[in-house]
>>> print(open('upload.cif').read())   # mmCIF, N, CA and C atoms
data_final
#
loop_
_atom_site.label_atom_id
_atom_site.label_comp_id
_atom_site.auth_asym_id
_atom_site.auth_seq_id
_atom_site.Cartn_x
_atom_site.Cartn_y
_atom_site.Cartn_z
N GLN A 250 -8.75 -19.83 -1.03
CA GLN A 250 -8.85 -18.70 -1.95
C GLN A 250 -7.71 -17.73 -1.66
N VAL A 251 -7.01 -17.34 -2.70
CA VAL A 251 -5.91 -16.40 -2.54
C VAL A 251 -6.48 -15.00 -2.40
N GLN A 252 -6.05 -14.29 -1.37
CA GLN A 252 -6.56 -12.94 -1.18
C GLN A 252 -5.58 -12.10 -0.38
N LEU A 253 -5.80 -10.79 -0.46
CA LEU A 253 -5.03 -9.83 0.31
C LEU A 253 -5.99 -9.13 1.27
N VAL A 254 -5.58 -9.00 2.52
CA VAL A 254 -6.42 -8.37 3.53
C VAL A 254 -5.68 -7.16 4.09
N GLU A 255 -6.32 -6.00 3.97
CA GLU A 255 -5.71 -4.75 4.41
C GLU A 255 -6.33 -4.29 5.73
N SER A 256 -5.57 -3.47 6.44
CA SER A 256 -6.08 -2.84 7.65
C SER A 256 -5.27 -1.58 7.92
N GLY A 257 -5.82 -0.71 8.77
CA GLY A 257 -5.05 0.45 9.22
C GLY A 257 -5.53 1.80 8.73
N GLY A 258 -6.50 1.83 7.85
CA GLY A 258 -6.99 3.13 7.39
C GLY A 258 -7.78 3.84 8.47
N GLY A 259 -8.14 5.08 8.20
CA GLY A 259 -8.92 5.84 9.16
C GLY A 259 -8.91 7.31 8.87
N LEU A 260 -9.40 8.07 9.84
CA LEU A 260 -9.47 9.53 9.73
C LEU A 260 -8.43 10.14 10.66
N VAL A 261 -7.58 11.00 10.10
CA VAL A 261 -6.56 11.67 10.90
C VAL A 261 -6.45 13.12 10.48
N GLN A 262 -5.85 13.93 11.34
CA GLN A 262 -5.61 15.31 11.01
C GLN A 262 -4.32 15.45 10.20
N ALA A 263 -4.24 16.49 9.43
CA ALA A 263 -3.02 16.76 8.67
C ALA A 263 -1.82 16.83 9.61
N GLY A 264 -0.72 16.25 9.16
CA GLY A 264 0.49 16.23 9.97
C GLY A 264 0.66 14.99 10.81
N LYS A 265 -0.40 14.23 10.97
CA LYS A 265 -0.34 13.00 11.76
C LYS A 265 0.10 11.81 10.93
N SER A 266 0.10 10.63 11.56
CA SER A 266 0.60 9.42 10.91
C SER A 266 -0.44 8.30 10.93
N LEU A 267 -0.29 7.40 9.98
CA LEU A 267 -1.06 6.17 9.92
C LEU A 267 -0.15 5.06 9.42
N ARG A 268 -0.48 3.84 9.80
CA ARG A 268 0.28 2.68 9.31
C ARG A 268 -0.70 1.69 8.72
N LEU A 269 -0.50 1.37 7.46
CA LEU A 269 -1.33 0.39 6.77
C LEU A 269 -0.62 -0.96 6.75
N SER A 270 -1.42 -2.01 6.85
CA SER A 270 -0.90 -3.36 6.79
C SER A 270 -1.68 -4.17 5.77
N CYS A 271 -1.00 -5.12 5.18
CA CYS A 271 -1.63 -6.00 4.19
C CYS A 271 -0.99 -7.37 4.32
N THR A 272 -1.83 -8.39 4.43
CA THR A 272 -1.32 -9.75 4.53
C THR A 272 -1.99 -10.62 3.48
N ALA A 273 -1.17 -11.39 2.79
CA ALA A 273 -1.69 -12.32 1.80
C ALA A 273 -2.05 -13.63 2.49
N SER A 274 -3.05 -14.30 1.96
CA SER A 274 -3.47 -15.57 2.54
C SER A 274 -2.35 -16.60 2.40
N ARG A 275 -2.43 -17.65 3.23
CA ARG A 275 -1.36 -18.63 3.35
C ARG A 275 -1.03 -19.32 2.05
N ASN A 276 -2.02 -19.51 1.19
CA ASN A 276 -1.79 -20.26 -0.04
C ASN A 276 -1.33 -19.36 -1.19
N THR A 277 -0.97 -18.14 -0.87
CA THR A 277 -0.50 -17.23 -1.91
C THR A 277 0.96 -17.53 -2.25
N PRO A 278 1.29 -17.65 -3.52
CA PRO A 278 2.70 -17.78 -3.89
C PRO A 278 3.46 -16.54 -3.42
N ARG A 279 4.73 -16.72 -3.03
CA ARG A 279 5.47 -15.58 -2.53
C ARG A 279 5.56 -14.48 -3.60
N PRO A 280 5.04 -13.30 -3.29
CA PRO A 280 5.04 -12.24 -4.30
C PRO A 280 6.45 -11.75 -4.61
N THR A 281 6.69 -11.45 -5.87
CA THR A 281 7.97 -10.85 -6.25
C THR A 281 7.99 -9.39 -5.85
N VAL A 282 6.85 -8.74 -5.95
CA VAL A 282 6.73 -7.33 -5.59
C VAL A 282 5.42 -7.14 -4.84
N MET A 283 5.47 -6.37 -3.78
CA MET A 283 4.25 -5.98 -3.06
C MET A 283 4.26 -4.46 -2.92
N GLY A 284 3.08 -3.89 -2.85
CA GLY A 284 3.05 -2.45 -2.72
C GLY A 284 1.67 -1.89 -2.50
N TRP A 285 1.60 -0.58 -2.63
CA TRP A 285 0.37 0.16 -2.36
C TRP A 285 0.07 1.12 -3.50
N TYR A 286 -1.19 1.16 -3.86
CA TYR A 286 -1.71 2.14 -4.80
C TYR A 286 -2.80 2.91 -4.08
N ARG A 287 -3.16 4.05 -4.63
CA ARG A 287 -4.27 4.78 -4.05
C ARG A 287 -5.12 5.39 -5.15
N GLN A 288 -6.37 5.65 -4.79
CA GLN A 288 -7.29 6.29 -5.71
C GLN A 288 -8.05 7.37 -4.97
N ALA A 289 -7.79 8.60 -5.37
CA ALA A 289 -8.51 9.73 -4.79
C ALA A 289 -9.83 9.91 -5.51
N PRO A 290 -10.80 10.56 -4.87
CA PRO A 290 -12.09 10.77 -5.51
C PRO A 290 -11.95 11.46 -6.86
N GLY A 291 -12.53 10.86 -7.88
CA GLY A 291 -12.51 11.45 -9.21
C GLY A 291 -11.21 11.29 -9.96
N LYS A 292 -10.27 10.54 -9.40
CA LYS A 292 -8.98 10.37 -10.06
C LYS A 292 -8.69 8.90 -10.33
N GLN A 293 -7.68 8.66 -11.16
CA GLN A 293 -7.29 7.29 -11.45
C GLN A 293 -6.43 6.72 -10.33
N ARG A 294 -6.40 5.41 -10.27
CA ARG A 294 -5.54 4.74 -9.31
C ARG A 294 -4.09 5.00 -9.67
N GLU A 295 -3.25 5.26 -8.63
CA GLU A 295 -1.85 5.56 -8.88
C GLU A 295 -0.96 4.82 -7.90
N LEU A 296 0.26 4.57 -8.33
CA LEU A 296 1.23 3.90 -7.48
C LEU A 296 1.67 4.83 -6.35
N VAL A 297 1.75 4.28 -5.14
CA VAL A 297 2.27 5.03 -4.00
C VAL A 297 3.69 4.55 -3.68
N ALA A 298 3.82 3.25 -3.47
CA ALA A 298 5.12 2.69 -3.12
C ALA A 298 5.08 1.18 -3.33
N GLN A 299 6.25 0.61 -3.62
CA GLN A 299 6.34 -0.82 -3.77
C GLN A 299 7.70 -1.30 -3.33
N ILE A 300 7.76 -2.59 -2.98
CA ILE A 300 9.00 -3.18 -2.51
C ILE A 300 9.13 -4.57 -3.09
N ALA A 301 10.32 -4.85 -3.62
CA ALA A 301 10.58 -6.15 -4.21
C ALA A 301 11.03 -7.14 -3.13
N ALA A 302 11.07 -8.41 -3.52
CA ALA A 302 11.49 -9.44 -2.57
C ALA A 302 12.93 -9.23 -2.10
N ASN A 303 13.74 -8.57 -2.92
CA ASN A 303 15.14 -8.31 -2.53
C ASN A 303 15.29 -7.02 -1.73
N GLY A 304 14.15 -6.36 -1.44
CA GLY A 304 14.18 -5.16 -0.61
C GLY A 304 14.27 -3.85 -1.34
N ILE A 305 14.41 -3.91 -2.65
CA ILE A 305 14.48 -2.66 -3.43
C ILE A 305 13.11 -1.99 -3.41
N THR A 306 13.11 -0.68 -3.15
CA THR A 306 11.86 0.06 -3.04
C THR A 306 11.71 1.07 -4.17
N ASN A 307 10.48 1.45 -4.40
CA ASN A 307 10.16 2.45 -5.41
C ASN A 307 9.03 3.30 -4.86
N TYR A 308 9.20 4.62 -4.89
CA TYR A 308 8.20 5.54 -4.34
C TYR A 308 7.74 6.54 -5.38
N ALA A 309 6.48 6.91 -5.28
CA ALA A 309 5.99 8.04 -6.06
C ALA A 309 6.63 9.31 -5.50
N ASP A 310 6.88 10.27 -6.36
CA ASP A 310 7.54 11.50 -5.93
C ASP A 310 6.76 12.20 -4.81
N PHE A 311 5.45 12.11 -4.86
CA PHE A 311 4.64 12.87 -3.91
C PHE A 311 4.66 12.29 -2.49
N VAL A 312 5.29 11.14 -2.28
CA VAL A 312 5.38 10.58 -0.92
C VAL A 312 6.81 10.42 -0.44
N LYS A 313 7.78 10.71 -1.29
CA LYS A 313 9.17 10.53 -0.88
C LYS A 313 9.49 11.39 0.34
N GLY A 314 10.12 10.75 1.31
CA GLY A 314 10.47 11.45 2.54
C GLY A 314 9.38 11.44 3.59
N ARG A 315 8.18 11.00 3.21
CA ARG A 315 7.07 10.97 4.17
C ARG A 315 6.57 9.55 4.43
N PHE A 316 6.54 8.72 3.40
CA PHE A 316 6.03 7.36 3.51
C PHE A 316 7.19 6.36 3.43
N THR A 317 7.03 5.24 4.13
CA THR A 317 8.01 4.17 4.07
C THR A 317 7.28 2.83 3.88
N VAL A 318 7.69 2.10 2.86
CA VAL A 318 7.12 0.78 2.61
C VAL A 318 8.09 -0.28 3.11
N SER A 319 7.55 -1.34 3.69
CA SER A 319 8.38 -2.44 4.19
C SER A 319 7.59 -3.73 4.06
N ARG A 320 8.31 -4.84 4.17
CA ARG A 320 7.63 -6.14 4.13
C ARG A 320 8.35 -7.09 5.05
N ASP A 321 7.64 -8.13 5.47
CA ASP A 321 8.28 -9.10 6.34
C ASP A 321 8.71 -10.31 5.51
N THR A 322 9.19 -11.35 6.18
CA THR A 322 9.70 -12.51 5.46
C THR A 322 8.58 -13.43 4.98
N ARG A 323 7.39 -13.13 5.39
CA ARG A 323 6.26 -13.92 4.92
C ARG A 323 5.59 -13.17 3.78
N ASN A 324 4.36 -12.94 3.86
CA ASN A 324 3.63 -12.29 2.77
C ASN A 324 2.88 -11.06 3.26
N SER A 325 3.54 -10.23 4.05
CA SER A 325 2.90 -9.00 4.52
C SER A 325 3.68 -7.79 4.07
N VAL A 326 2.96 -6.73 3.79
CA VAL A 326 3.57 -5.47 3.40
C VAL A 326 2.93 -4.36 4.23
N PHE A 327 3.74 -3.35 4.53
CA PHE A 327 3.29 -2.26 5.40
C PHE A 327 3.58 -0.92 4.75
N LEU A 328 2.80 0.07 5.12
CA LEU A 328 3.05 1.42 4.64
C LEU A 328 2.94 2.37 5.83
N GLN A 329 4.07 2.91 6.25
CA GLN A 329 4.10 3.91 7.31
C GLN A 329 3.95 5.27 6.66
N MET A 330 2.89 5.97 7.01
CA MET A 330 2.60 7.26 6.40
C MET A 330 2.73 8.34 7.46
N ASN A 331 3.70 9.22 7.30
CA ASN A 331 3.93 10.33 8.21
C ASN A 331 3.64 11.66 7.52
N SER A 332 3.47 12.67 8.32
CA SER A 332 3.23 14.03 7.78
C SER A 332 2.13 14.02 6.72
N LEU A 333 1.04 13.40 7.06
CA LEU A 333 -0.06 13.26 6.10
C LEU A 333 -0.65 14.61 5.71
N LYS A 334 -1.07 14.69 4.48
CA LYS A 334 -1.66 15.91 3.91
C LYS A 334 -3.10 15.60 3.46
N PRO A 335 -3.94 16.60 3.39
CA PRO A 335 -5.30 16.36 2.90
C PRO A 335 -5.32 15.71 1.51
N GLU A 336 -4.35 16.02 0.67
CA GLU A 336 -4.31 15.42 -0.66
C GLU A 336 -3.92 13.96 -0.66
N ASP A 337 -3.55 13.41 0.50
CA ASP A 337 -3.30 11.99 0.63
C ASP A 337 -4.59 11.20 0.82
N THR A 338 -5.68 11.89 0.94
CA THR A 338 -6.97 11.23 1.11
C THR A 338 -7.32 10.36 -0.08
N GLY A 339 -7.83 9.16 0.19
CA GLY A 339 -8.22 8.26 -0.87
C GLY A 339 -8.38 6.84 -0.36
N VAL A 340 -8.66 5.96 -1.28
CA VAL A 340 -8.72 4.53 -0.97
C VAL A 340 -7.36 3.93 -1.33
N TYR A 341 -6.76 3.27 -0.36
CA TYR A 341 -5.45 2.66 -0.55
C TYR A 341 -5.61 1.17 -0.77
N TYR A 342 -4.99 0.70 -1.85
CA TYR A 342 -5.10 -0.70 -2.23
C TYR A 342 -3.75 -1.40 -2.14
N CYS A 343 -3.77 -2.55 -1.55
CA CYS A 343 -2.58 -3.40 -1.51
C CYS A 343 -2.50 -4.17 -2.83
N ASN A 344 -1.28 -4.36 -3.30
CA ASN A 344 -1.06 -5.07 -4.57
C ASN A 344 0.08 -6.06 -4.40
N ALA A 345 -0.08 -7.22 -5.00
CA ALA A 345 0.98 -8.24 -4.95
C ALA A 345 1.13 -8.87 -6.32
N LYS A 346 2.34 -8.88 -6.82
CA LYS A 346 2.64 -9.53 -8.11
C LYS A 346 3.18 -10.92 -7.80
N VAL A 347 2.42 -11.94 -8.16
CA VAL A 347 2.78 -13.30 -7.81
C VAL A 347 3.28 -14.10 -9.00
N ALA A 348 3.16 -13.54 -10.20
CA ALA A 348 3.64 -14.19 -11.41
C ALA A 348 3.75 -13.10 -12.47
N PRO A 349 4.51 -13.35 -13.54
CA PRO A 349 4.68 -12.30 -14.57
C PRO A 349 3.36 -11.74 -15.09
N SER A 350 2.34 -12.56 -15.12
CA SER A 350 1.07 -12.08 -15.66
C SER A 350 -0.06 -12.18 -14.65
N ARG A 351 0.28 -12.20 -13.37
CA ARG A 351 -0.77 -12.34 -12.37
C ARG A 351 -0.47 -11.43 -11.18
N GLU A 352 -1.45 -10.62 -10.84
CA GLU A 352 -1.32 -9.79 -9.65
C GLU A 352 -2.62 -9.82 -8.86
N LEU A 353 -2.50 -9.59 -7.58
CA LEU A 353 -3.63 -9.61 -6.66
C LEU A 353 -3.87 -8.21 -6.13
N TRP A 354 -5.13 -7.95 -5.80
CA TRP A 354 -5.50 -6.67 -5.21
C TRP A 354 -6.29 -6.89 -3.93
N GLY A 355 -6.06 -6.02 -2.96
CA GLY A 355 -6.88 -6.01 -1.77
C GLY A 355 -8.19 -5.28 -2.03
N GLN A 356 -9.04 -5.27 -1.02
CA GLN A 356 -10.36 -4.66 -1.17
C GLN A 356 -10.31 -3.14 -0.98
N GLY A 357 -9.22 -2.65 -0.47
CA GLY A 357 -9.05 -1.21 -0.27
C GLY A 357 -9.36 -0.79 1.16
N THR A 358 -8.61 0.17 1.63
CA THR A 358 -8.85 0.75 2.96
C THR A 358 -8.85 2.27 2.81
N VAL A 359 -9.79 2.91 3.46
CA VAL A 359 -9.99 4.35 3.27
C VAL A 359 -9.11 5.16 4.23
N VAL A 360 -8.41 6.11 3.66
CA VAL A 360 -7.62 7.06 4.43
C VAL A 360 -8.19 8.45 4.19
N THR A 361 -8.54 9.13 5.27
CA THR A 361 -9.07 10.48 5.17
C THR A 361 -8.24 11.40 6.04
N VAL A 362 -7.69 12.44 5.42
CA VAL A 362 -6.85 13.39 6.14
C VAL A 362 -7.56 14.74 6.15
N SER A 363 -7.87 15.21 7.34
CA SER A 363 -8.58 16.49 7.47
C SER A 363 -7.57 17.62 7.67
N SER A 364 -7.96 18.78 7.20
CA SER A 364 -7.05 19.94 7.31
C SER A 364 -7.24 20.68 8.62
#
>>> encode(input="upload.cif", output="structure tokens")
Amino acid sequence: QVQLVESGGGLVQAGKSLRLSCTASRNTPRPTVMGWYRQAPGKQRELVAQIAANGITNYADFVKGRFTVSRDTRNSVFLQMNSLKPEDTGVYYCNAKVAPSRELWGQGTVVTVSS
């Protein structure tokens, strides 16, 4: 079964850091783009950051300069989150685009930033 498995969420104080990881199962076709979305309580899911197979990255304005997305040569993607703010609180979802009309989602990992 093709799936994405996330880890690294938790509770931290404002100003601290967290690192999220996501790994696709072995039988997953190599994703063209991998990235992270988040959903805050009462809000819609939004893009945080993504990285293409060629290394090109795309960030939401609200994380530029604080978050860094990276991926390895296999099927893992990471999100280094620094200088966290309470408004970064939410469920973070890993996303992988494996075909023009097919994308995968992780189960979500909770990030809570206290003030």
>>> closest_atom_pairs(input="upload.cif", of="stretch 268-337 of chain A", to="stretch 344-351 of chain A", cutoff="6 Å", atoms="only N, CA and C atoms", output="JSON lines")
{"residue": "A:Pro278", "atom": "C", "partner": "A:Val347", "partner_atom": "CA", "distance": 5.5}
{"residue": "A:Arg279", "atom": "C", "partner": "A:Val347", "partner_atom": "CA", "distance": 5.2}
{"residue": "A:Pro280", "atom": "CA", "partner": "A:Lys346", "partner_atom": "C", "distance": 4.2}
{"residue": "A:Thr281", "atom": "N", "partner": "A:Lys346", "partner_atom": "C", "distance": 4.0}
{"residue": "A:Val282", "atom": "C", "partner": "A:Lys346", "partner_atom": "N", "distance": 4.1}
{"residue": "A:Met283", "atom": "CA", "partner": "A:Asn344", "partner_atom": "C", "distance": 4.4}
{"residue": "A:Gly284", "atom": "C", "partner": "A:Asn344", "partner_atom": "N", "distance": 3.9}
{"residue": "A:Trp285", "atom": "N", "partner": "A:Asn344", "partner_atom": "N", "distance": 4.8}
{"residue": "A:Tyr286", "atom": "N", "partner": "A:Asn344", "partner_atom": "N", "distance": 5.5}
>>> residues_around(input="upload.cif", residues="A:Glu255", least_positions_apart="3", cutoff="10 Å", atoms="only C-alpha atoms", output="list in words")
Gln252, Gly258, Leu269, Ser270, Cys271, Thr272, Ala273, Ser325, Val326, Phe327, Tyr341, Tyr342, Cys343, Trp354, Gly355, Gln356, Gly357 and Thr358 of chain A
>>> residues_near_point(input="upload.cif", point="(-3.9, 7.8, 11.5)", cutoff="8 Å", atoms="only N, CA and C atoms", output="tab-separated table (two decimals) with N, CA and C atoms, in the coordinates of the input")
chain	number	residue	atom	x	y	z
A	257	GLY	N	-5.82	-0.71	8.77
A	257	GLY	CA	-5.05	0.45	9.22
A	257	GLY	C	-5.53	1.80	8.73
A	258	GLY	N	-6.50	1.83	7.85
A	258	GLY	CA	-6.99	3.13	7.39
A	258	GLY	C	-7.78	3.84	8.47
A	259	GLY	N	-8.14	5.08	8.20
A	259	GLY	CA	-8.92	5.84	9.16
A	259	GLY	C	-8.91	7.31	8.87
A	260	LEU	N	-9.40	8.07	9.84
A	260	LEU	CA	-9.47	9.53	9.73
A	260	LEU	C	-8.43	10.14	10.66
A	261	VAL	N	-7.58	11.00	10.10
A	261	VAL	CA	-6.56	11.67	10.90
A	261	VAL	C	-6.45	13.12	10.48
A	262	GLN	N	-5.85	13.93	11.34
A	262	GLN	CA	-5.61	15.31	11.01
A	262	GLN	C	-4.32	15.45	10.20
A	265	LYS	N	-0.40	14.23	10.97
A	265	LYS	CA	-0.34	13.00	11.76
A	265	LYS	C	0.10	11.81	10.93
A	266	SER	N	0.10	10.63	11.56
A	266	SER	CA	0.60	9.42	10.91
A	266	SER	C	-0.44	8.30	10.93
A	267	LEU	N	-0.29	7.40	9.98
A	267	LEU	CA	-1.06	6.17	9.92
A	267	LEU	C	-0.15	5.06	9.42
A	268	ARG	N	-0.48	3.84	9.80
A	268	ARG	CA	0.28	2.68	9.31
A	268	ARG	C	-0.70	1.69	8.72
A	330	MET	N	2.89	5.97	7.01
A	330	MET	CA	2.60	7.26	6.40
A	330	MET	C	2.73	8.34	7.46
A	361	THR	N	-8.54	9.13	5.27
A	361	THR	CA	-9.07	10.48	5.17
A	361	THR	C	-8.24	11.40	6.04
>>> residues_around(input="upload.cif", residues="stretch 307-315 of chain A", least_positions_apart="5", cutoff="7 Å", atoms="all atoms listed in the file", output="PyMOL selection string")
chain A and resi 296-301+329-332
>>> resolve_selection(input="upload.cif", expression="the PyMOL selection byres ((chain A and resi 334) around 6)", output="VMD selection string")
chain A and resid 263 to 264 332 to 333 335 to 338 362
>>> decode(input="upload.cif", residues="stretch 257-346 of chain A", atoms="C-alpha atoms", output="compact mmCIF listing (two decimals), in the first residue's frame")
# COMPACT_ATOMS: atom_id res chain seq x y z
CA GLY A 257 8.32 15.18 14.36
CA GLY A 258 5.36 17.19 15.59
CA GLY A 259 4.95 18.25 19.19
CA LEU A 260 4.55 21.06 21.67
CA VAL A 261 7.16 23.83 21.77
CA GLN A 262 7.47 27.36 23.05
CA ALA A 263 7.45 30.32 20.72
CA GLY A 264 10.88 30.99 19.27
CA LYS A 265 11.93 27.35 19.36
CA SER A 266 12.41 24.87 16.52
CA LEU A 267 10.94 21.62 15.27
CA ARG A 268 11.84 19.33 12.40
CA LEU A 269 9.19 17.35 10.57
CA SER A 270 9.94 14.27 8.51
CA CYS A 271 7.89 12.38 5.96
CA THR A 272 8.79 9.17 4.19
CA ALA A 273 6.89 7.52 1.37
CA SER A 274 6.56 3.76 1.31
CA ARG A 275 8.96 1.78 -0.86
CA ASN A 276 6.45 1.10 -3.62
CA THR A 277 5.67 4.77 -4.12
CA PRO A 278 6.56 6.16 -7.54
CA ARG A 279 9.19 8.87 -7.20
CA PRO A 280 7.25 12.06 -6.49
CA THR A 281 7.75 15.02 -8.79
CA VAL A 282 6.95 17.37 -5.93
CA MET A 283 6.85 16.82 -2.19
CA GLY A 284 5.85 19.29 0.44
CA TRP A 285 3.93 20.33 3.51
CA TYR A 286 0.53 21.83 4.09
CA ARG A 287 -1.04 22.84 7.34
CA GLN A 288 -4.49 23.33 8.75
CA ALA A 289 -5.08 25.56 11.73
CA PRO A 290 -8.21 25.15 13.85
CA GLY A 291 -11.21 26.56 12.01
CA LYS A 292 -9.22 27.33 8.88
CA GLN A 293 -8.67 25.74 5.49
CA ARG A 294 -5.64 23.69 4.64
CA GLU A 295 -2.86 25.84 3.16
CA LEU A 296 0.47 25.31 1.48
CA VAL A 297 3.53 25.78 3.69
CA ALA A 298 6.41 24.72 1.47
CA GLN A 299 7.20 22.35 -1.36
CA ILE A 300 10.22 21.09 -3.24
CA ALA A 301 10.47 19.63 -6.71
CA ALA A 302 12.64 16.72 -7.76
CA ASN A 303 15.08 19.22 -9.31
CA GLY A 304 15.41 21.03 -5.97
CA ILE A 305 13.33 24.08 -6.78
CA THR A 306 11.46 25.24 -3.68
CA ASN A 307 8.32 27.24 -3.08
CA TYR A 308 7.36 28.81 0.26
CA ALA A 309 4.31 30.51 1.63
CA ASP A 310 5.07 34.13 2.50
CA PHE A 311 4.32 33.56 6.17
CA VAL A 312 7.22 31.07 6.58
CA LYS A 313 9.90 32.61 4.37
CA GLY A 314 13.12 33.03 6.29
CA ARG A 315 11.96 30.74 9.10
CA PHE A 316 11.19 27.36 7.53
CA THR A 317 13.34 25.27 5.20
CA VAL A 318 12.08 22.36 3.12
CA SER A 319 14.45 19.66 1.86
CA ARG A 320 14.32 16.16 0.46
CA ASP A 321 16.68 13.27 0.09
CA THR A 322 17.44 11.15 -2.96
CA ARG A 323 14.83 8.63 -2.00
CA ASN A 324 11.28 9.52 -1.08
CA SER A 325 11.64 11.59 2.08
CA VAL A 326 10.90 15.24 2.68
CA PHE A 327 11.75 17.36 5.70
CA LEU A 328 10.61 20.66 7.13
CA GLN A 329 12.93 22.53 9.46
CA MET A 330 10.86 25.05 11.37
CA ASN A 331 12.71 27.78 13.26
CA SER A 332 11.48 30.81 15.17
CA LEU A 333 8.10 29.22 15.63
CA LYS A 334 5.12 31.43 16.41
CA PRO A 335 1.82 30.57 18.09
CA GLU A 336 0.09 31.14 14.74
CA ASP A 337 2.11 28.24 13.32
CA THR A 338 -0.01 25.91 15.42
CA GLY A 339 -1.94 23.35 13.40
CA VAL A 340 -1.92 19.93 11.83
CA TYR A 341 0.87 19.57 9.29
CA TYR A 342 0.31 17.25 6.36
CA CYS A 343 2.89 15.77 4.05
CA ASN A 344 1.99 15.79 0.36
CA ALA A 345 3.50 14.00 -2.61
CA LYS A 346 2.57 14.43 -6.26
